[in-house]
Every structure is written in C-alpha cells, then in structure tokens.
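S.K.: Here it is: the structure, laid out below.
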Amino acid sequence: MKLSKIAKQLNKDIKKYDSFLILPHIMADGDTIGCCIAMARYITSRGKKALMLLEEKIPYIYSFMEDSCDMEVYVPDKEYNFDVCIVLDTADINRLGRRKSFLKNKVSYNIDHHKTNDGYAMYNFINADVSSVGEIIYDLFTKMKASIDHDIAQAIYVAIATDTGGFRYQNTNKNCFIISSRLMDYDINVEKISEWVFERTSMNKLYLFKNTIKNIKLYFDNRVAISVLRREEYMHLDVADEDFEGLVNVVKNIEGVEVGVFLRERNSDREVKGSLRSNTDEIDVSVIAKTFGGGGHARAAGLSCNMTLDQVYDGMIEKLNEVYGCTE
Ligand SMILES: [Mn+2]
C-alpha cells in the first residue's frame, strides 16, 4: 500500500473507531518505542483512546518519555478492549511475543522498514529504504495533516536518532536531517535526549563492556570479530536485556573488521541472543542471521534461538568460513 493510502485509511479509522492498541516489538528499541509513543499521543490528541502495550518494561534510557502517552506492560489474561491495532517497526509477527494474537479479527496496521516483513496485518506499509520507522511516521503524519506537539516531535526524533546510531550509521540519509531540523521547531532538547539515550553508562553496563572486550576473538585475518557473554559472567548483576544493547559495537568498530558478532546466553544456557554487524556491502549479515532463525538488515541483523552458545558460535564460524575461505 502507498503511504498516502495508509494516511487516508488511518485518518478514516481514527474518525470511525474509539479505541486503539499500539504495539512495539519485544525487547523494544528507540525506534519502536518512539514511534509507538508518537502514534499513541497523536491518536489521543484526536480525542480517542490509545494504549501503548509493551511486552516488557520500558528500558530505563527511554523512561523520560513515559508520560507522553498511556502505556502499560502486557498482563496475560487481562482483558484489553480495542478496535484497531497498530504495530510499528516489527519485522515479523512473532516479534510481538505474547501479544501477537491481538491482530486476529481486528482492523490492523503494520508499518515497518525491515525488508523481510511479510505484511501480516490488514493494512501494511513497508519501506526498507528509510533509516527508521520514525522517518515513515513523520512522513505519514505530514500526509495526514496531523498536528504535532513537543512530545510527539521528541518521540520521532528519538526513533530516528537511535536507529541511525546518533546519525552515524550507513542508513543516515538526507531526510533524517530534514525531518530532525523540522522537529527542532517544537523545542526538543537534543542535549537532554542524548544524555538519556546515548551518553550515560551504568556500573552494570561498564562491567558488561569490560567482559565483552576481554572475550573478543578475531578470525579470518582480523576481518571478523566475535565476542560473547556467558550467564555465569553476568548472572550476579541486576541486568536487563537493554543493558546488552550496543555491546556489538565494541566488535564492529575495531579497525579493519568487516563483520562484528556479539553473542550471549540469555535466560538459560540453551537460549542465545546475537547481534551481527557488517561494515561492508559485500556481506549481508541478515542472510547469516536467517540461518539461525533471525533476520534484519544487510548491515545490522539479530537472532534469538534455543541452542547453546557454542553451537551458535561454531555455526557462525562455519557460515563465515563460506565467505572468507578456510584459513581458520
Ligand atoms: Mn527500526
């Protein structure tokens, strides 16, 4: 569907229906959170009910936006009454976790920028050429002639800024800057947002960084860097999924490294979560992630699977060996 069609349809549905459920993906990041807040707040400003329903507690670094809209953590067996369901930045319906059944028999929207998105909703808009869903939401709101306020502008800015790694990643484009400059008209405080989202390091995170660096191994003439964290290394800390975010950059940013991989055991030693980054157009890491049930973008992909860390590690080396030849 074209964006102008989605805009028209959504305008119609906001007029027609009373209650909206806005869903971010599991282990929510800045893009999905920012977009959901912007959407929920906008719908509320039109006099309708909108609830942002998260799978897990909002990560601390985004908690400064908590009051921008109605938000809750999903409670099993609780009754949620709504007419329309809007899913943002979610490549795959399974990335909704326990909330995926909400789409059944409902008017539903799926707005995303992952090329692997198969269009699981009633109305789908997928554009893999943009930096973030934040970019799409801004363009959508413009087409809808939506009125924006400070909190909506701030949320869209967070979405774009985080998915582009602070306007540093390859997906950063002209439109990111054009949109952000327009958002500045709403007096958003870039310094405050950056401090919350990018700058501070908790003691726990420092510890994770230290171990991630310690565990780095280089392969294939230093073109591949892999690091891991095992449960025994961090179980004694009060850490959440969000604390592991960005650790993959430690391996990605090593000079000369083309592929950076970060793997960790999650809730058991048979549950692995991984992040993959590519610094070259020659290697599409989403293809590698896919062989472990994951997905994502060519330069940034992720996976989550029920295998041991060693199994994933060895499988990963094997996959990379296909690309880099058998010197290791
Ligand atoms: Mn995104």
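Chain identifiers are assigned as A, B, and so on, following the order in which chains appear in the structure tokens; residues are numbered from 1 within each chain, and ligands are numbered from 1 in order of appearance.
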For ligand 1, return the neighbouring residues as a PyMOL selection string (distance at most 10 Å; only C-alpha atoms and all ligand atoms).

M.R.: chain A and resi 25+28-35+88-91+112-114+128+130-135+159-160+162-164+296-297

S.K.: The selected residues should be written to file as a CSV table (one decimal), in the first residue's frame (atoms: N, CA and C atoms).

M.R.:
```
chain,number,residue,atom,x,y,z
A,25,HIS,N,7.7,-3.9,19.2
A,25,HIS,CA,8.2,-5.3,19.2
A,25,HIS,C,8.8,-5.6,20.6
A,28,ALA,N,12.1,-3.9,23.1
A,28,ALA,CA,11.8,-2.7,22.4
A,28,ALA,C,13.1,-1.8,22.3
A,29,ASP,N,13.3,-1.2,21.2
A,29,ASP,CA,14.4,-0.2,21.0
A,29,ASP,C,13.8,1.2,20.8
A,30,GLY,N,14.7,2.1,20.6
A,30,GLY,CA,14.3,3.5,20.5
A,30,GLY,C,13.3,3.8,19.3
A,31,ASP,N,13.5,3.1,18.2
A,31,ASP,CA,12.7,3.3,17.1
A,31,ASP,C,11.2,2.9,17.3
A,32,THR,N,11.1,1.7,17.8
A,32,THR,CA,9.7,1.1,18.0
A,32,THR,C,9.0,1.9,19.1
A,33,ILE,N,9.8,2.3,20.2
A,33,ILE,CA,9.2,3.0,21.3
A,33,ILE,C,8.8,4.4,20.9
A,34,GLY,N,9.8,5.1,20.3
A,34,GLY,CA,9.5,6.5,19.8
A,34,GLY,C,8.3,6.5,18.9
A,35,CYS,N,8.2,5.6,18.0
A,35,CYS,CA,7.1,5.6,17.0
A,35,CYS,C,5.8,5.3,17.7
A,88,LEU,N,4.3,-1.3,15.0
A,88,LEU,CA,5.3,-0.4,14.4
A,88,LEU,C,6.7,-1.0,14.6
A,89,ASP,N,7.5,-1.0,13.5
A,89,ASP,CA,8.9,-1.4,13.5
A,89,ASP,C,9.0,-2.9,13.8
A,90,THR,N,8.1,-3.7,13.4
A,90,THR,CA,8.1,-5.2,13.8
A,90,THR,C,8.1,-6.0,12.6
A,91,ALA,N,9.3,-6.6,12.3
A,91,ALA,CA,9.6,-7.3,11.0
A,91,ALA,C,8.7,-8.6,10.9
A,112,ASP,N,6.5,-0.6,8.8
A,112,ASP,CA,7.8,-1.1,9.1
A,112,ASP,C,8.9,-0.7,8.1
A,113,HIS,N,10.1,-1.0,8.4
A,113,HIS,CA,11.2,-0.7,7.4
A,113,HIS,C,12.1,-1.9,7.3
A,114,HIS,N,11.7,-3.1,7.7
A,114,HIS,CA,12.5,-4.3,7.5
A,114,HIS,C,12.1,-5.0,6.2
A,128,ALA,N,11.8,-0.4,3.0
A,128,ALA,CA,13.1,-0.7,3.5
A,128,ALA,C,14.2,0.3,3.2
A,130,VAL,N,14.2,3.5,4.1
A,130,VAL,CA,14.3,4.6,5.0
A,130,VAL,C,15.2,4.1,6.2
A,131,SER,N,15.6,5.1,7.0
A,131,SER,CA,16.5,4.8,8.1
A,131,SER,C,15.8,4.1,9.2
A,132,SER,N,14.5,4.5,9.4
A,132,SER,CA,13.8,4.1,10.6
A,132,SER,C,12.3,4.3,10.4
A,133,VAL,N,11.6,3.7,11.3
A,133,VAL,CA,10.1,3.9,11.2
A,133,VAL,C,9.8,5.3,11.6
A,134,GLY,N,10.6,5.9,12.4
A,134,GLY,CA,10.5,7.3,12.7
A,134,GLY,C,10.3,8.2,11.5
A,135,GLU,N,11.1,7.9,10.5
A,135,GLU,CA,11.1,8.7,9.3
A,135,GLU,C,9.7,8.5,8.6
A,159,ALA,N,13.3,8.1,17.8
A,159,ALA,CA,13.2,7.0,16.8
A,159,ALA,C,14.3,7.1,15.8
A,160,ILE,N,14.4,8.3,15.2
A,160,ILE,CA,15.4,8.4,14.1
A,160,ILE,C,16.8,8.4,14.6
A,162,THR,N,18.1,7.1,17.3
A,162,THR,CA,18.6,5.8,17.8
A,162,THR,C,18.8,4.8,16.7
A,163,ASP,N,17.9,4.7,15.7
A,163,ASP,CA,18.1,3.8,14.7
A,163,ASP,C,19.3,4.1,13.8
A,164,THR,N,19.7,5.4,13.7
A,164,THR,CA,20.8,5.8,13.0
A,164,THR,C,22.1,5.8,13.8
A,296,GLY,N,16.8,-9.2,9.8
A,296,GLY,CA,17.1,-7.8,10.0
A,296,GLY,C,17.6,-7.2,8.7
A,297,HIS,N,18.5,-6.3,8.8
A,297,HIS,CA,19.0,-5.6,7.6
A,297,HIS,C,20.4,-6.1,7.2
```

S.K.: Could you give me, as a ChimeraX atom specification, the residues within 7 Å of range 268-279 of chain A, counting only C-alpha atoms and dropping anything in the same chain fewer than 5 positions from it?

M.R.: /A:248,252,258-263,284-285,299-309

S.K.: Go ahead and save the picked residues with N, CA and C atoms, as a PDB file, in the first residue's frame.

M.R.:
```pdb
ATOM      1  N   VAL A 248      27.551  -4.904  20.732  1.00  0.00           N
ATOM      2  CA  VAL A 248      28.045  -5.385  19.431  1.00  0.00           C
ATOM      3  C   VAL A 248      28.945  -4.344  18.768  1.00  0.00           C
ATOM      4  N   LYS A 252      32.217  -4.402  16.299  1.00  0.00           N
ATOM      5  CA  LYS A 252      32.018  -3.800  14.964  1.00  0.00           C
ATOM      6  C   LYS A 252      33.028  -2.692  14.677  1.00  0.00           C
ATOM      7  N   GLU A 258      35.332  -6.380   9.289  1.00  0.00           N
ATOM      8  CA  GLU A 258      34.215  -6.262   8.340  1.00  0.00           C
ATOM      9  C   GLU A 258      32.913  -6.785   8.929  1.00  0.00           C
ATOM     10  N   VAL A 259      33.032  -7.835   9.730  1.00  0.00           N
ATOM     11  CA  VAL A 259      31.841  -8.390  10.372  1.00  0.00           C
ATOM     12  C   VAL A 259      32.083  -8.492  11.879  1.00  0.00           C
ATOM     13  N   GLY A 260      31.180  -7.922  12.643  1.00  0.00           N
ATOM     14  CA  GLY A 260      31.266  -7.999  14.098  1.00  0.00           C
ATOM     15  C   GLY A 260      30.075  -8.778  14.633  1.00  0.00           C
ATOM     16  N   VAL A 261      30.348  -9.727  15.502  1.00  0.00           N
ATOM     17  CA  VAL A 261      29.272 -10.559  16.053  1.00  0.00           C
ATOM     18  C   VAL A 261      29.352 -10.534  17.579  1.00  0.00           C
ATOM     19  N   PHE A 262      28.214 -10.340  18.199  1.00  0.00           N
ATOM     20  CA  PHE A 262      28.149 -10.432  19.656  1.00  0.00           C
ATOM     21  C   PHE A 262      27.073 -11.443  20.030  1.00  0.00           C
ATOM     22  N   LEU A 263      27.463 -12.437  20.826  1.00  0.00           N
ATOM     23  CA  LEU A 263      26.524 -13.494  21.232  1.00  0.00           C
ATOM     24  C   LEU A 263      26.468 -13.565  22.745  1.00  0.00           C
ATOM     25  N   ASP A 284      26.092  -9.432   3.632  1.00  0.00           N
ATOM     26  CA  ASP A 284      24.752  -9.153   4.145  1.00  0.00           C
ATOM     27  C   ASP A 284      24.546 -10.031   5.391  1.00  0.00           C
ATOM     28  N   VAL A 285      24.659  -9.440   6.569  1.00  0.00           N
ATOM     29  CA  VAL A 285      24.587 -10.261   7.779  1.00  0.00           C
ATOM     30  C   VAL A 285      23.171 -10.767   8.078  1.00  0.00           C
ATOM     31  N   ARG A 299      23.224  -4.589   6.954  1.00  0.00           N
ATOM     32  CA  ARG A 299      24.341  -4.135   7.791  1.00  0.00           C
ATOM     33  C   ARG A 299      24.138  -4.402   9.285  1.00  0.00           C
ATOM     34  N   ALA A 300      22.907  -4.677   9.666  1.00  0.00           N
ATOM     35  CA  ALA A 300      22.619  -4.903  11.091  1.00  0.00           C
ATOM     36  C   ALA A 300      21.514  -5.928  11.218  1.00  0.00           C
ATOM     37  N   ALA A 301      21.832  -7.054  11.857  1.00  0.00           N
ATOM     38  CA  ALA A 301      20.830  -8.120  11.996  1.00  0.00           C
ATOM     39  C   ALA A 301      20.916  -8.722  13.392  1.00  0.00           C
ATOM     40  N   GLY A 302      19.925  -9.524  13.722  1.00  0.00           N
ATOM     41  CA  GLY A 302      19.896 -10.129  15.041  1.00  0.00           C
ATOM     42  C   GLY A 302      19.315 -11.525  14.999  1.00  0.00           C
ATOM     43  N   LEU A 303      19.524 -12.262  16.069  1.00  0.00           N
ATOM     44  CA  LEU A 303      18.952 -13.601  16.154  1.00  0.00           C
ATOM     45  C   LEU A 303      18.678 -13.952  17.606  1.00  0.00           C
ATOM     46  N   SER A 304      17.808 -14.905  17.751  1.00  0.00           N
ATOM     47  CA  SER A 304      17.407 -15.384  19.058  1.00  0.00           C
ATOM     48  C   SER A 304      17.073 -16.847  18.862  1.00  0.00           C
ATOM     49  N   CYS A 305      17.795 -17.759  19.504  1.00  0.00           N
ATOM     50  CA  CYS A 305      17.486 -19.168  19.231  1.00  0.00           C
ATOM     51  C   CYS A 305      17.757 -20.050  20.442  1.00  0.00           C
ATOM     52  N   ASN A 306      17.168 -21.228  20.419  1.00  0.00           N
ATOM     53  CA  ASN A 306      17.326 -22.177  21.521  1.00  0.00           C
ATOM     54  C   ASN A 306      18.412 -23.184  21.205  1.00  0.00           C
ATOM     55  N   MET A 307      19.631 -22.720  21.272  1.00  0.00           N
ATOM     56  CA  MET A 307      20.802 -23.561  21.066  1.00  0.00           C
ATOM     57  C   MET A 307      21.798 -23.154  22.141  1.00  0.00           C
ATOM     58  N   THR A 308      22.869 -23.920  22.259  1.00  0.00           N
ATOM     59  CA  THR A 308      23.901 -23.483  23.206  1.00  0.00           C
ATOM     60  C   THR A 308      24.761 -22.436  22.512  1.00  0.00           C
ATOM     61  N   LEU A 309      25.448 -21.665  23.338  1.00  0.00           N
ATOM     62  CA  LEU A 309      26.317 -20.631  22.804  1.00  0.00           C
ATOM     63  C   LEU A 309      27.384 -21.227  21.889  1.00  0.00           C
TER      64      LEU A 309
END
```

S.K.: Just checking: using only C-alpha atoms, which residue out of A:Leu103, A:Leu183, A:Ile137, A:Ile188 ends up closest to Ala121 in chain A?

M.R.: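 Among the listed residues, A:Leu103 lies closest to Ala121 in chain A.
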
S.K.: Pick out each residue of range 147-326 of chain A that DSSP on the backbone tags as helix (DSSP H, G or I); I need them as a ChimeraX atom specification.

M.R.: /A:150-163,174-186,190-199,203-214,231-234,241-244,248-252,285-290,309-324

S.K.: Select, from A:Tyr109, A:Ser19, A:Gln9, A:Ala155, the residue with the minimum atom-to-atom distance to Cys36 in chain A, counting only C-alpha atoms.

M.R.: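 Counting only C-alpha atoms, the residue closest to Cys36 in chain A is A:Ala155.
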
S.K.: Using Å and a single decimal, report how far CA of Gly97 in chain A sits from CA of Tyr234 in chain A.

M.R.: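 Between CA of Tyr234 in chain A and CA of Gly97 in chain A the gap works out to 24.6 Å.
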